[in-house]
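Below is my_file-v1.txt, holding compact mmCIF, C-alpha atoms.
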# COMPACT_ATOMS: atom_id res chain seq x y z
CA MET A 1 284.09 68.83 84.08
CA ALA A 2 283.84 71.41 81.64
CA SER A 3 286.26 68.63 81.91
CA GLN A 4 288.25 66.53 84.26
CA ALA A 5 290.89 68.90 83.63
CA ASP A 6 288.64 71.56 85.14
CA ARG A 7 289.34 70.02 88.47
CA TYR A 8 292.92 71.78 88.50
CA ARG A 9 293.34 75.58 89.19
CA GLY A 10 295.52 78.27 91.02
CA ARG A 11 297.48 81.59 91.23
CA ARG A 12 300.59 83.68 90.50
CA SER A 13 301.04 87.39 91.19
CA HIS A 14 301.66 89.90 88.41
CA PRO A 15 301.32 93.68 88.19
CA LEU A 16 297.83 95.02 87.58
CA ASN A 17 298.77 97.91 85.31
CA GLY A 18 299.35 97.75 81.58
CA PRO A 19 302.40 98.68 79.50
CA ASN A 20 304.34 101.68 80.83
CA GLY A 21 302.23 101.57 84.01
CA LEU A 22 299.12 102.93 82.27
CA GLU A 23 295.79 101.52 83.45
CA PRO A 24 293.17 100.50 80.87
CA THR A 25 290.47 103.07 80.19
CA GLY A 26 287.67 101.24 78.34
CA PHE A 27 285.83 97.92 78.51
CA GLU A 28 287.87 96.17 75.82
CA GLU A 29 291.16 97.07 77.48
CA TRP A 30 289.98 95.86 80.92
CA TRP A 31 288.51 92.72 79.35
CA MET A 32 291.73 91.82 77.51
CA ARG A 33 293.82 92.53 80.61
CA ALA A 34 291.51 90.35 82.73
CA ARG A 35 291.68 87.49 80.21
CA GLU A 36 295.47 87.62 80.23
CA SER A 37 295.62 87.62 84.04
CA ASP A 38 293.17 84.72 84.05
CA ARG A 39 295.25 82.68 81.59
CA ARG A 40 298.45 83.06 83.55
CA GLY A 41 296.73 82.25 86.86
CA ASP A 42 296.78 85.66 88.58
CA THR A 43 293.28 85.23 89.96
CA GLY A 44 293.34 88.26 92.27
CA ALA A 45 294.16 90.61 89.39
CA ALA A 46 291.68 88.82 87.10
CA ILE A 47 288.80 89.34 89.55
CA THR A 48 289.61 93.04 89.94
CA GLN A 49 289.88 93.51 86.18
CA TYR A 50 286.72 91.58 85.33
CA GLU A 51 284.78 93.59 87.93
CA GLN A 52 286.13 96.82 86.47
CA ALA A 53 285.11 95.71 82.97
CA LEU A 54 281.67 94.75 84.26
CA SER A 55 281.21 98.14 85.94
CA LEU A 56 281.61 99.82 82.55
CA LEU A 57 278.66 97.81 81.17
CA ARG A 58 276.17 98.03 84.02
CA ALA A 59 274.42 101.05 82.54
CA ASP A 60 273.42 98.90 79.56
CA GLU A 61 271.44 95.88 80.73
CA GLU A 62 271.09 94.59 77.16
CA ASP A 63 274.81 94.16 76.50
CA HIS A 64 275.57 90.46 76.06
CA ARG A 65 279.18 91.08 77.06
CA ALA A 66 278.10 91.46 80.68
CA ALA A 67 276.87 87.83 80.65
CA ASP A 68 280.30 86.77 79.35
CA VAL A 69 282.13 88.71 82.07
CA LEU A 70 279.93 87.19 84.78
CA ARG A 71 280.60 83.71 83.42
CA HIS A 72 284.36 84.24 83.42
CA LEU A 73 284.20 85.61 86.96
CA GLY A 74 282.39 82.43 87.94
CA SER A 75 285.19 80.32 86.52
CA VAL A 76 287.85 82.28 88.39
CA TYR A 77 285.98 81.76 91.66
CA ARG A 78 285.43 78.08 90.87
CA GLY A 79 289.15 77.67 90.28
CA ARG A 80 289.83 79.21 93.69
CA GLY A 81 287.47 76.72 95.36
CA GLU A 82 284.88 79.44 96.11
CA VAL A 83 282.04 77.35 94.76
CA GLN A 84 279.07 79.33 96.04
CA ARG A 85 280.41 82.57 94.59
CA ALA A 86 281.07 80.78 91.31
CA GLU A 87 277.56 79.34 91.19
CA ARG A 88 276.01 82.75 91.82
CA ARG A 89 277.99 84.33 88.96
CA TYR A 90 276.96 81.52 86.59
CA GLU A 91 273.33 81.96 87.63
CA GLN A 92 273.56 85.71 87.03
CA SER A 93 275.13 85.07 83.64
CA PHE A 94 272.37 82.63 82.68
CA GLU A 95 269.62 84.98 83.89
CA MET A 96 271.02 87.90 81.91
CA ALA A 97 271.58 85.82 78.76
CA SER A 98 268.03 84.45 78.99
CA ARG A 99 266.54 87.91 79.43
CA ILE A 100 268.19 89.28 76.27
CA GLY A 101 267.94 86.09 74.19
CA TYR A 102 271.71 85.50 74.07
CA ILE A 103 271.64 81.82 73.15
CA ASN A 104 275.38 81.13 73.29
CA GLY A 105 275.53 82.80 76.69
CA MET A 106 272.67 80.65 77.96
CA ALA A 107 274.44 77.52 76.71
CA ASP A 108 277.79 78.47 78.24
CA ALA A 109 276.32 79.33 81.64
CA ALA A 110 274.17 76.17 81.74
CA ASN A 111 277.25 74.09 80.96
CA TRP A 112 279.15 75.57 83.91
CA LEU A 113 276.19 75.16 86.23
CA GLY A 114 276.31 71.50 85.21
CA VAL A 115 279.98 71.39 86.18
CA ILE A 116 279.13 72.81 89.63
CA ALA A 117 276.35 70.24 90.09
CA MET A 118 278.64 67.41 88.99
CA GLY A 119 281.31 68.48 91.48
CA ARG A 120 278.75 68.30 94.27
CA GLY A 121 277.62 64.86 93.19
CA ASP A 122 274.18 65.98 92.00
CA PHE A 123 274.43 64.05 88.75
CA ASP A 124 270.77 64.26 87.79
CA ALA A 125 270.93 68.07 87.93
CA ALA A 126 274.23 68.02 86.05
CA GLU A 127 272.71 65.91 83.30
CA ARG A 128 269.79 68.33 82.97
CA PHE A 129 272.09 71.34 82.75
CA PHE A 130 274.28 69.64 80.15
CA ALA A 131 271.26 68.61 78.08
CA ASP A 132 269.93 72.20 78.10
CA ALA A 133 273.35 73.57 77.25
CA ARG A 134 273.83 71.15 74.36
CA ARG A 135 270.38 71.94 72.97
CA HIS A 136 271.06 75.68 73.03
CA ALA A 137 274.54 75.23 71.54
CA LEU A 138 273.31 73.05 68.68
CA SER A 139 270.46 75.48 67.92
CA ASN A 140 273.02 78.22 67.33
CA ASN A 141 275.75 76.10 65.67
CA HIS A 142 278.07 76.66 68.64
CA PHE A 143 280.03 73.48 67.90
CA ARG A 144 283.02 74.32 70.07
CA LEU A 145 280.70 74.33 73.08
CA VAL A 146 279.04 71.12 71.88
CA GLY A 147 282.50 69.55 72.13
CA ALA A 148 282.98 70.89 75.66
CA ILE A 149 279.60 69.51 76.73
CA ASP A 150 280.39 66.13 75.18
CA LEU A 151 283.58 66.13 77.23
CA ASN A 152 281.59 66.82 80.41
CA LEU A 153 279.08 64.11 79.54
CA GLY A 154 282.02 61.74 79.16
CA ILE A 155 283.24 62.62 82.62
CA LEU A 156 279.77 62.06 84.02
CA ALA A 157 279.51 58.65 82.34
CA ASN A 158 282.99 57.75 83.60
CA ILE A 159 282.06 58.56 87.21
CA ARG A 160 278.89 56.48 86.89
CA GLY A 161 280.95 53.54 85.63
CA ASP A 162 279.71 53.51 82.03
CA LEU A 163 283.15 53.47 80.44
CA ASN A 164 281.97 52.71 76.90
CA ALA A 165 279.66 55.72 76.94
CA ALA A 166 282.47 57.82 78.39
CA MET A 167 284.82 56.94 75.55
CA ALA A 168 282.10 57.62 72.97
CA HIS A 169 281.53 61.11 74.43
CA TYR A 170 285.28 61.79 74.54
CA ARG A 171 285.76 60.75 70.90
CA SER A 172 282.86 62.97 69.86
CA ALA A 173 284.47 65.92 71.66
CA GLN A 174 287.84 65.05 70.15
CA ASN A 175 286.37 65.18 66.63
CA GLN A 176 284.68 68.55 67.29
CA PHE A 177 287.91 70.14 68.48
CA TYR A 178 290.13 68.49 65.87
CA ASP A 179 287.92 69.68 63.02
CA ARG A 180 288.21 73.26 64.32
CA ALA A 181 291.94 73.11 65.13
CA ASP A 182 291.03 73.98 68.74
CA HIS A 183 294.28 72.80 70.28
CA GLU A 184 293.57 74.01 73.81
CA ASN A 185 290.37 72.01 74.17
CA LEU A 186 291.84 69.12 72.20
CA GLY A 187 294.47 68.92 74.94
CA LEU A 188 291.70 68.65 77.56
CA VAL A 189 290.09 65.78 75.69
CA MET A 190 293.37 63.89 75.28
CA ASN A 191 293.97 64.29 79.00
CA ASN A 192 290.62 62.68 79.77
CA ILE A 193 291.14 59.94 77.22
CA GLY A 194 294.41 59.21 79.01
CA LEU A 195 292.53 58.93 82.31
CA LEU A 196 289.99 56.55 80.85
CA CYS A 197 292.69 54.38 79.27
CA ALA A 198 294.39 54.20 82.67
CA ASP A 199 291.09 53.10 84.24
CA LEU A 200 290.94 50.34 81.61
CA ASP A 201 294.56 49.29 82.42
CA ARG A 202 295.69 50.37 78.95
CA PHE A 203 298.70 52.07 80.47
CA ASP A 204 300.86 52.56 77.37
CA GLU A 205 297.93 54.14 75.56
CA ALA A 206 297.27 56.35 78.57
CA ALA A 207 300.88 57.54 78.65
CA ARG A 208 300.75 58.45 74.94
CA ALA A 209 297.52 60.39 75.45
CA PHE A 210 299.04 62.32 78.37
CA ASP A 211 302.15 63.11 76.32
CA GLU A 212 300.00 64.48 73.49
CA ALA A 213 297.93 66.49 75.95
CA PHE A 214 301.06 67.90 77.58
CA ALA A 215 302.49 69.00 74.22
CA LEU A 216 299.22 70.79 73.44
CA ALA A 217 299.21 72.42 76.89
CA ARG A 218 302.71 73.77 76.31
CA GLU A 219 301.79 74.93 72.81
CA THR A 220 298.81 76.90 74.13
CA HIS A 221 300.54 78.10 77.34
CA ASN A 222 297.86 76.39 79.43
CA LEU A 223 299.21 76.06 82.97
CA LEU A 224 295.87 74.74 84.16
CA LEU A 225 296.08 71.79 81.80
CA GLU A 226 299.72 71.15 82.70
CA ASN A 227 298.59 70.90 86.33
CA ALA A 228 295.91 68.37 85.39
CA ILE A 229 298.30 66.25 83.37
CA GLU A 230 300.93 66.14 86.12
CA ALA A 231 298.29 64.95 88.58
CA ASN A 232 297.08 62.31 86.15
CA ARG A 233 300.61 61.16 85.39
CA ALA A 234 301.08 60.73 89.14
CA GLU A 235 298.02 58.48 89.22
CA LEU A 236 299.31 56.49 86.24
CA PHE A 237 302.74 56.04 87.86
CA ILE A 238 301.08 54.89 91.09
CA ALA A 239 299.02 52.34 89.16
CA THR A 240 302.22 50.96 87.58
CA ARG A 241 304.09 51.19 90.94
CA ARG A 242 306.68 53.66 89.66
CA PHE A 243 306.70 55.59 92.92
CA PRO A 244 309.73 57.90 92.38
CA GLU A 245 308.16 59.17 89.13
CA ALA A 246 304.79 59.44 90.88
CA ALA A 247 306.34 61.50 93.68
CA SER A 248 307.91 63.91 91.18
CA ALA A 249 304.70 64.31 89.19
CA SER A 250 302.53 64.88 92.30
CA ALA A 251 305.04 67.42 93.66
CA ARG A 252 304.90 69.36 90.39
CA ALA A 253 301.09 69.21 90.44
CA LYS A 254 300.99 70.52 94.01
CA THR A 255 303.40 73.36 93.23
CA ILE A 256 301.34 74.53 90.25
CA ALA A 257 298.12 74.30 92.28
CA GLN A 258 299.62 76.41 95.06
CA LEU A 259 300.91 78.96 92.54
CA ARG A 260 297.39 79.19 91.14
CA ASN A 261 295.79 79.28 94.60
CA ASP A 262 293.76 76.22 93.65
CA ARG A 263 292.80 74.42 96.87
CA GLN A 264 290.84 71.77 95.01
CA ARG A 265 293.80 70.65 92.93
CA GLU A 266 296.11 70.96 95.89
CA ALA A 267 293.85 68.44 97.63
CA GLU A 268 294.20 66.12 94.62
CA ALA A 269 297.99 66.31 94.80
CA LEU A 270 297.92 65.70 98.56
CA LYS A 271 295.81 62.59 97.96
CA PHE A 272 298.41 61.17 95.59
CA GLN A 273 301.26 62.05 97.96
CA GLY A 274 299.40 60.23 100.72
CA VAL A 275 298.97 57.13 98.58
CA ILE A 276 302.68 57.16 97.67
CA ALA A 277 303.65 57.50 101.35
CA ARG A 278 301.35 54.60 102.22
CA GLU A 279 302.84 52.35 99.54
CA GLU A 280 306.31 53.19 100.85
CA ASP A 281 305.16 52.20 104.38
CA ALA A 282 305.31 55.73 105.80
CA LEU A 283 301.88 55.19 107.33
CA ASP A 284 301.79 58.12 109.77
CA THR A 285 302.81 60.53 107.02
CA ALA A 286 300.22 58.98 104.70
CA ALA A 287 297.46 59.39 107.30
CA ASN A 288 298.31 63.07 107.78
CA LEU A 289 298.41 63.80 104.05
CA LEU A 290 295.16 61.99 103.31
CA THR A 291 293.35 63.59 106.25
CA GLU A 292 294.41 67.00 104.91
CA ALA A 293 293.32 66.03 101.40
CA GLU A 294 289.87 64.92 102.57
CA SER A 295 289.38 68.08 104.64
CA LEU A 296 290.44 70.39 101.80
CA ALA A 297 288.26 68.57 99.26
CA THR A 298 285.29 68.85 101.60
CA GLN A 299 285.86 72.59 101.97
CA CYS A 300 285.87 72.88 98.17
CA GLU A 301 282.60 70.90 97.96
CA ASP A 302 284.27 68.22 95.83
CA ARG A 303 282.42 65.23 97.27
CA LEU A 304 284.00 62.74 94.88
CA LEU A 305 287.57 63.80 95.74
CA ALA A 306 286.74 63.76 99.45
CA ALA A 307 285.38 60.22 99.09
CA GLU A 308 288.48 59.07 97.19
CA SER A 309 290.72 60.54 99.92
CA ALA A 310 288.66 58.87 102.67
CA ARG A 311 288.91 55.51 100.89
CA GLU A 312 292.71 55.75 100.69
CA LEU A 313 292.83 56.86 104.33
CA GLY A 314 290.78 53.82 105.28
CA GLU A 315 293.39 51.60 103.65
CA VAL A 316 296.13 53.34 105.67
CA TYR A 317 294.31 52.65 108.94
CA ALA A 318 293.69 49.05 107.88
CA ARG A 319 297.43 48.56 107.39
CA LYS A 320 298.00 50.08 110.83
CA GLN A 321 295.35 47.65 112.15
CA ALA A 322 293.44 50.64 113.51
CA TRP A 323 290.20 48.91 112.62
CA ALA A 324 287.74 51.42 114.05
CA ASP A 325 289.43 54.31 112.21
CA ALA A 326 289.55 52.23 109.03
CA ARG A 327 285.84 51.46 109.27
CA SER A 328 285.01 55.11 109.94
CA ALA A 329 286.99 56.39 106.94
CA LEU A 330 285.64 53.73 104.59
CA THR A 331 282.08 54.36 105.75
CA ARG A 332 282.48 58.08 104.95
CA ALA A 333 283.77 57.12 101.52
CA LEU A 334 280.93 54.65 100.93
CA GLN A 335 278.26 57.18 101.87
CA SER A 336 279.66 59.81 99.51
CA PHE A 337 280.11 57.37 96.63
CA LEU A 338 276.50 56.25 97.12
CA VAL A 339 275.28 59.85 97.05
CA VAL A 340 277.14 60.73 93.84
CA GLY A 341 276.26 57.44 92.16
CA ALA A 342 279.84 56.28 91.59
CA ARG A 343 278.94 52.60 91.20
CA ILE A 344 282.39 51.14 90.61
CA ASP A 345 283.82 53.02 93.59
CA TRP A 346 281.09 52.15 96.07
CA ALA A 347 281.35 48.45 95.14
CA ASP A 348 285.11 48.68 95.77
CA VAL A 349 284.58 50.25 99.20
CA GLU A 350 281.95 47.66 100.12
CA ARG A 351 284.52 44.94 99.38
CA ARG A 352 287.09 46.69 101.56
CA LEU A 353 284.64 47.07 104.43
CA ALA A 354 283.71 43.39 104.21
CA LYS A 355 287.38 42.43 104.68
CA LEU A 356 287.72 44.33 107.97
CA PRO A 357 287.42 42.32 111.21
CA SER A 358 283.96 42.54 112.71
CA PRO A 359 283.78 45.11 115.51
CA ARG A 360 283.89 43.55 118.95
CA PRO A 361 280.67 43.84 120.96
CA ALA A 362 280.88 46.17 123.92
CA SER A 363 281.62 44.42 127.22
CA PRO A 364 278.60 44.30 129.55
CA ALA A 365 278.68 46.66 132.49
CA PRO A 366 279.58 44.98 135.80
CA ALA A 367 276.64 44.06 138.01
CA VAL A 368 275.88 46.44 140.80
CA ALA A 369 275.39 44.81 144.17
File written out as structure tokens:
Amino acid sequence: MASQADRYRGRRSHPLNGPNGLEPTGFEEWWMRARESDRRGDTGAAITQYEQALSLLRADEEDHRAADVLRHLGSVYRGRGEVQRAERRYEQSFEMASRIGYINGMADAANWLGVIAMGRGDFDAAERFFADARRHALSNNHFRLVGAIDLNLGILANIRGDLNAAMAHYRSAQNQFYDRADHENLGLVMNNIGLLCADLDRFDEAARAFDEAFALARETHNLLLENAIEANRAELFIATRRFPEAASASARAKTIAQLRNDRQREAEALKFQGVIAREEDALDTAANLLTEAESLATQCEDRLLAAESARELGEVYARKQAWADARSALTRALQSFLVVGARIDWADVERRLAKLPSPRPASPAPAVA
């Protein structure tokens, strides 16, 4: 996603005006103000400021900066869970960059369109976008973007169950960012390496990767990445059955997501809170949390997260011996995992479905005299 980490977003409110209450007057001032609002998670101010910056460029259709502003607007909307608006901004950015021959802009926009496609589970389209983006980036020696695309390709391979390919892509991205002292993106890679190590049950290695990622997030003042790491630590603590630590980490992740108005990452935190409640035998609470997580993920068009939430909900109903509800939730999960091509996950859900008692045949209607 640009990275897995790109799954976590949100909002805080800050004043719109600049120092001494003076509003910016030119493009560069609006652009810098928008970037600062964006970094600290004030998405409402960022949108207003990016739009103001864009309005100052509209008279010049050949200005490559307009493609950059459109792309950043897309990312703000994506972080807010407004996927269709985000996609339209990325498409506008790509169209403008293509028209004026702005190669880096074409590569950046194609990369983000790949992220949108991956979130929807359209992996073939995502792979095409990433391939185009990488080709454009390499043709213009845009190696920082090559690293970001390698990271996204690693995520794609991970979802498809090709863990060796995923690690190879992550290490390639890690080398690109390390060579350029790009600490912010290096933190994203370490976060994803931590996730993959957790998937491989290399828990100590995963914890070290998350710690390194967290230090880099703090160094670069990246609240988005902190949110991602807290969510991933929650998952790691759940895997090692350290539920008090998992509860603390998921609560922090949810708080940051709500501050950043990030419904997608709020859904992720709700999913973890539901799993923790289930493992502590608070089954009704778990069912409510996981139902909310699935609904919110569906609204954000995150099919994979919705499927994960449905799978965990199915397990809750199975423990309650509500077999019809369990079968319904697991079937929703199976269908979504099949659509997105998440092989490991759909095999897991098939095993869970096979363990459920067979549904009883309907009783025949009484004979009518």
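The nearest approach to Glu245 (chain A) among the residues A:Asn104, A:Asn158, A:Asn141, A:Gln273, with only C-alpha atoms taken into account, belongs to A:Gln273.
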_Which residues are near Leu356 (chain A)? Cut-off 9 Å, only C-alpha atoms, ignore same chain within fewer than 4 positions. Put them as a list of chain:residue names._
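Close residues of Leu356 (chain A): A:Ala318, A:Trp323, A:Ala326, A:Arg327, A:Arg352.
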Using all atoms listed in the file, what table do you get, as a Markdown table, when you list each residue of region 232-300 of chain A with an atom no more than 9 Å from region 215-228 of chain A, its nearest pair of atoms, and their distance in Å rounded to one decimal, rows by chain then rising number?
| residue | atom | partner | partner_atom | distance |
| --- | --- | --- | --- | --- |
| A:Asn232 | CA | A:Ala228 | CA | 6.2 |
| A:Arg233 | CA | A:Ala228 | CA | 8.6 |
| A:Arg252 | CA | A:Asn227 | CA | 7.7 |
| A:Ala253 | CA | A:Asn227 | CA | 5.1 |
| A:Lys254 | CA | A:Asn227 | CA | 8.1 |
| A:Thr255 | CA | A:Asn227 | CA | 8.8 |
| A:Ile256 | CA | A:Asn227 | CA | 6.0 |
| A:Ala257 | CA | A:Asn227 | CA | 6.9 |
| A:Arg260 | CA | A:Leu224 | CA | 8.4 |
| A:Arg265 | CA | A:Ala228 | CA | 8.2 |
*Go ahead and compute the interatomic distance for CA of Met167 (chain A) and CA of Asp348 (chain A), in Å to one decimal.*
21.8 Å
*asked:* For a quick check of understanding, using only C-alpha atoms, which of A:Ala148, A:Asn288, A:Glu266, A:Phe203 has the smallest distance to Arg241 (chain A)?
replied: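 Looking at the shortest contact to Arg241 (chain A), the residue is A:Phe203.
The set of protein, DNA and RNA residues with any counted atom at most 7 Å from (289.0, 54.7, 99.5) (only C-alpha atoms) reads Ala307, Glu308, Ser309, Ala310, Arg311, Glu312, Leu313, Gly314, Glu315, Leu330, Ala333 and Val349 of chain A.
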Filtering to C-alpha atoms, could you give me those residues as a CSV table (one decimal), in the coordinates of the input?
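And here is the file that came out, out-v6.csv:
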chain,number,residue,atom,x,y,z
A,307,ALA,CA,285.4,60.2,99.1
A,308,GLU,CA,288.5,59.1,97.2
A,309,SER,CA,290.7,60.5,99.9
A,310,ALA,CA,288.7,58.9,102.7
A,311,ARG,CA,288.9,55.5,100.9
A,312,GLU,CA,292.7,55.8,100.7
A,313,LEU,CA,292.8,56.9,104.3
A,314,GLY,CA,290.8,53.8,105.3
A,315,GLU,CA,293.4,51.6,103.6
A,330,LEU,CA,285.6,53.7,104.6
A,333,ALA,CA,283.8,57.1,101.5
A,349,VAL,CA,284.6,50.2,99.2
*To one decimal place, how far is CA of His183 (chain A) from CA of Gln92 (chain A) in Å?*
29.6 Å
Shell around His142 (chain A) at 12 Å using all atoms listed in the file, local window under 4 positions removed, as a PDB file with C-alpha atoms, in the coordinates of the input:
ATOM      1  CA  ILE A 103     271.640  81.820  73.150  1.00  0.00           C
ATOM      2  CA  ASN A 104     275.380  81.130  73.290  1.00  0.00           C
ATOM      3  CA  GLY A 105     275.530  82.800  76.690  1.00  0.00           C
ATOM      4  CA  MET A 106     272.670  80.650  77.960  1.00  0.00           C
ATOM      5  CA  ALA A 107     274.440  77.520  76.710  1.00  0.00           C
ATOM      6  CA  ASP A 108     277.790  78.470  78.240  1.00  0.00           C
ATOM      7  CA  ALA A 133     273.350  73.570  77.250  1.00  0.00           C
ATOM      8  CA  ARG A 134     273.830  71.150  74.360  1.00  0.00           C
ATOM      9  CA  ARG A 135     270.380  71.940  72.970  1.00  0.00           C
ATOM     10  CA  HIS A 136     271.060  75.680  73.030  1.00  0.00           C
ATOM     11  CA  ALA A 137     274.540  75.230  71.540  1.00  0.00           C
ATOM     12  CA  LEU A 138     273.310  73.050  68.680  1.00  0.00           C
ATOM     13  CA  VAL A 146     279.040  71.120  71.880  1.00  0.00           C
ATOM     14  CA  GLY A 147     282.500  69.550  72.130  1.00  0.00           C
ATOM     15  CA  ALA A 148     282.980  70.890  75.660  1.00  0.00           C
ATOM     16  CA  ILE A 149     279.600  69.510  76.730  1.00  0.00           C
ATOM     17  CA  GLN A 176     284.680  68.550  67.290  1.00  0.00           C
ATOM     18  CA  PHE A 177     287.910  70.140  68.480  1.00  0.00           C
ATOM     19  CA  ARG A 180     288.210  73.260  64.320  1.00  0.00           C
TER      20      ARG A 180
END
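Compared by their closest atoms to Ala126 (chain A), and using only C-alpha atoms, the residues A:Asn152, A:Gln174, A:Thr298, A:Gln49 rank with A:Asn152 nearest.
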_With distances taken over all atoms listed in the file, which residue among A:Ile229, A:Ala246, A:Cys300, A:Ala131 lies nearest Arg78 (chain A)?_
A:Cys300
*Find the residue from A:Val340, A:Ala269, A:Ala322, A:Ala198 that sits nearest to Leu283 (chain A); use all atoms listed in the file when measuring.*
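Comparing A:Val340, A:Ala269, A:Ala322, A:Ala198 against Leu283 (chain A), the winner is A:Ala322.
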*asked:* With only C-alpha atoms as the counted atoms, please give the residues lying no more than 12 Å from Leu196 (chain A), apart from itself and same-chain residues fewer than 3 positions off, as a PyMOL selection string.
replied: chain A and resi 4+154-155+157-159+161-171+189-193+199-203+205-207+209-210+232+235-236
*asked:* Quick one: residues within 12 Å of Asp179 (chain A), all atoms listed in the file, excluding same-chain residues fewer than 5 positions away - as an MDAnalysis selection string?
replied: chainID A and resid 143:144 147 172:174 185:186
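Checking A:Ala109, A:Leu57, A:Glu268, A:Gln258 one by one against Ala97 (chain A), counting all atoms listed in the file, you find the shortest gap at A:Ala109.
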*Using all atoms listed in the file, find all polymer residues with an atom at most 12 Å away from the point (291.6, 89.1, 80.8); report them as number ranges by chain.*
A: 16, 18, 24, 27-54, 68-69, 72-73, 76
Using the incomplete input, complete region 173-187 of chain A to the level of N, CA and C atoms; output as a short mmCIF file (atom, residue, chain, number, x, y, z; two decimals), in the coordinates of the input.
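As written to disk, rebuild.cif reads:
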data_model
loop_
_atom_site.label_atom_id
_atom_site.label_comp_id
_atom_site.auth_asym_id
_atom_site.auth_seq_id
_atom_site.Cartn_x
_atom_site.Cartn_y
_atom_site.Cartn_z
N ALA A 173 283.85 64.63 71.34
CA ALA A 173 284.47 65.92 71.66
C ALA A 173 285.79 66.08 70.90
N GLN A 174 286.57 64.99 70.85
CA GLN A 174 287.84 65.05 70.15
C GLN A 174 287.64 65.44 68.68
N ASN A 175 286.64 64.87 68.04
CA ASN A 175 286.37 65.18 66.63
C ASN A 175 285.95 66.64 66.46
N GLN A 176 285.11 67.15 67.38
CA GLN A 176 284.68 68.55 67.29
C GLN A 176 285.88 69.49 67.35
N PHE A 177 286.78 69.24 68.29
CA PHE A 177 287.91 70.14 68.48
C PHE A 177 288.97 69.97 67.38
N TYR A 178 289.16 68.73 66.93
CA TYR A 178 290.13 68.49 65.87
C TYR A 178 289.70 69.17 64.58
N ASP A 179 288.42 69.07 64.25
CA ASP A 179 287.92 69.68 63.02
C ASP A 179 288.09 71.19 63.03
N ARG A 180 288.12 71.80 64.22
CA ARG A 180 288.21 73.26 64.32
C ARG A 180 289.60 73.71 64.75
N ALA A 181 290.56 72.80 64.74
CA ALA A 181 291.94 73.11 65.13
C ALA A 181 291.99 73.81 66.50
N ASP A 182 291.10 73.40 67.40
CA ASP A 182 291.03 73.98 68.74
C ASP A 182 291.99 73.19 69.63
N HIS A 183 293.25 73.59 69.62
CA HIS A 183 294.28 72.80 70.28
C HIS A 183 294.16 72.83 71.80
N GLU A 184 293.68 73.93 72.35
CA GLU A 184 293.57 74.01 73.81
C GLU A 184 292.56 72.99 74.32
N ASN A 185 291.38 72.96 73.73
CA ASN A 185 290.37 72.01 74.17
C ASN A 185 290.69 70.59 73.73
N LEU A 186 291.40 70.44 72.61
CA LEU A 186 291.84 69.12 72.20
C LEU A 186 292.77 68.53 73.26
N GLY A 187 293.61 69.39 73.86
CA GLY A 187 294.47 68.92 74.94
C GLY A 187 293.67 68.42 76.13
#
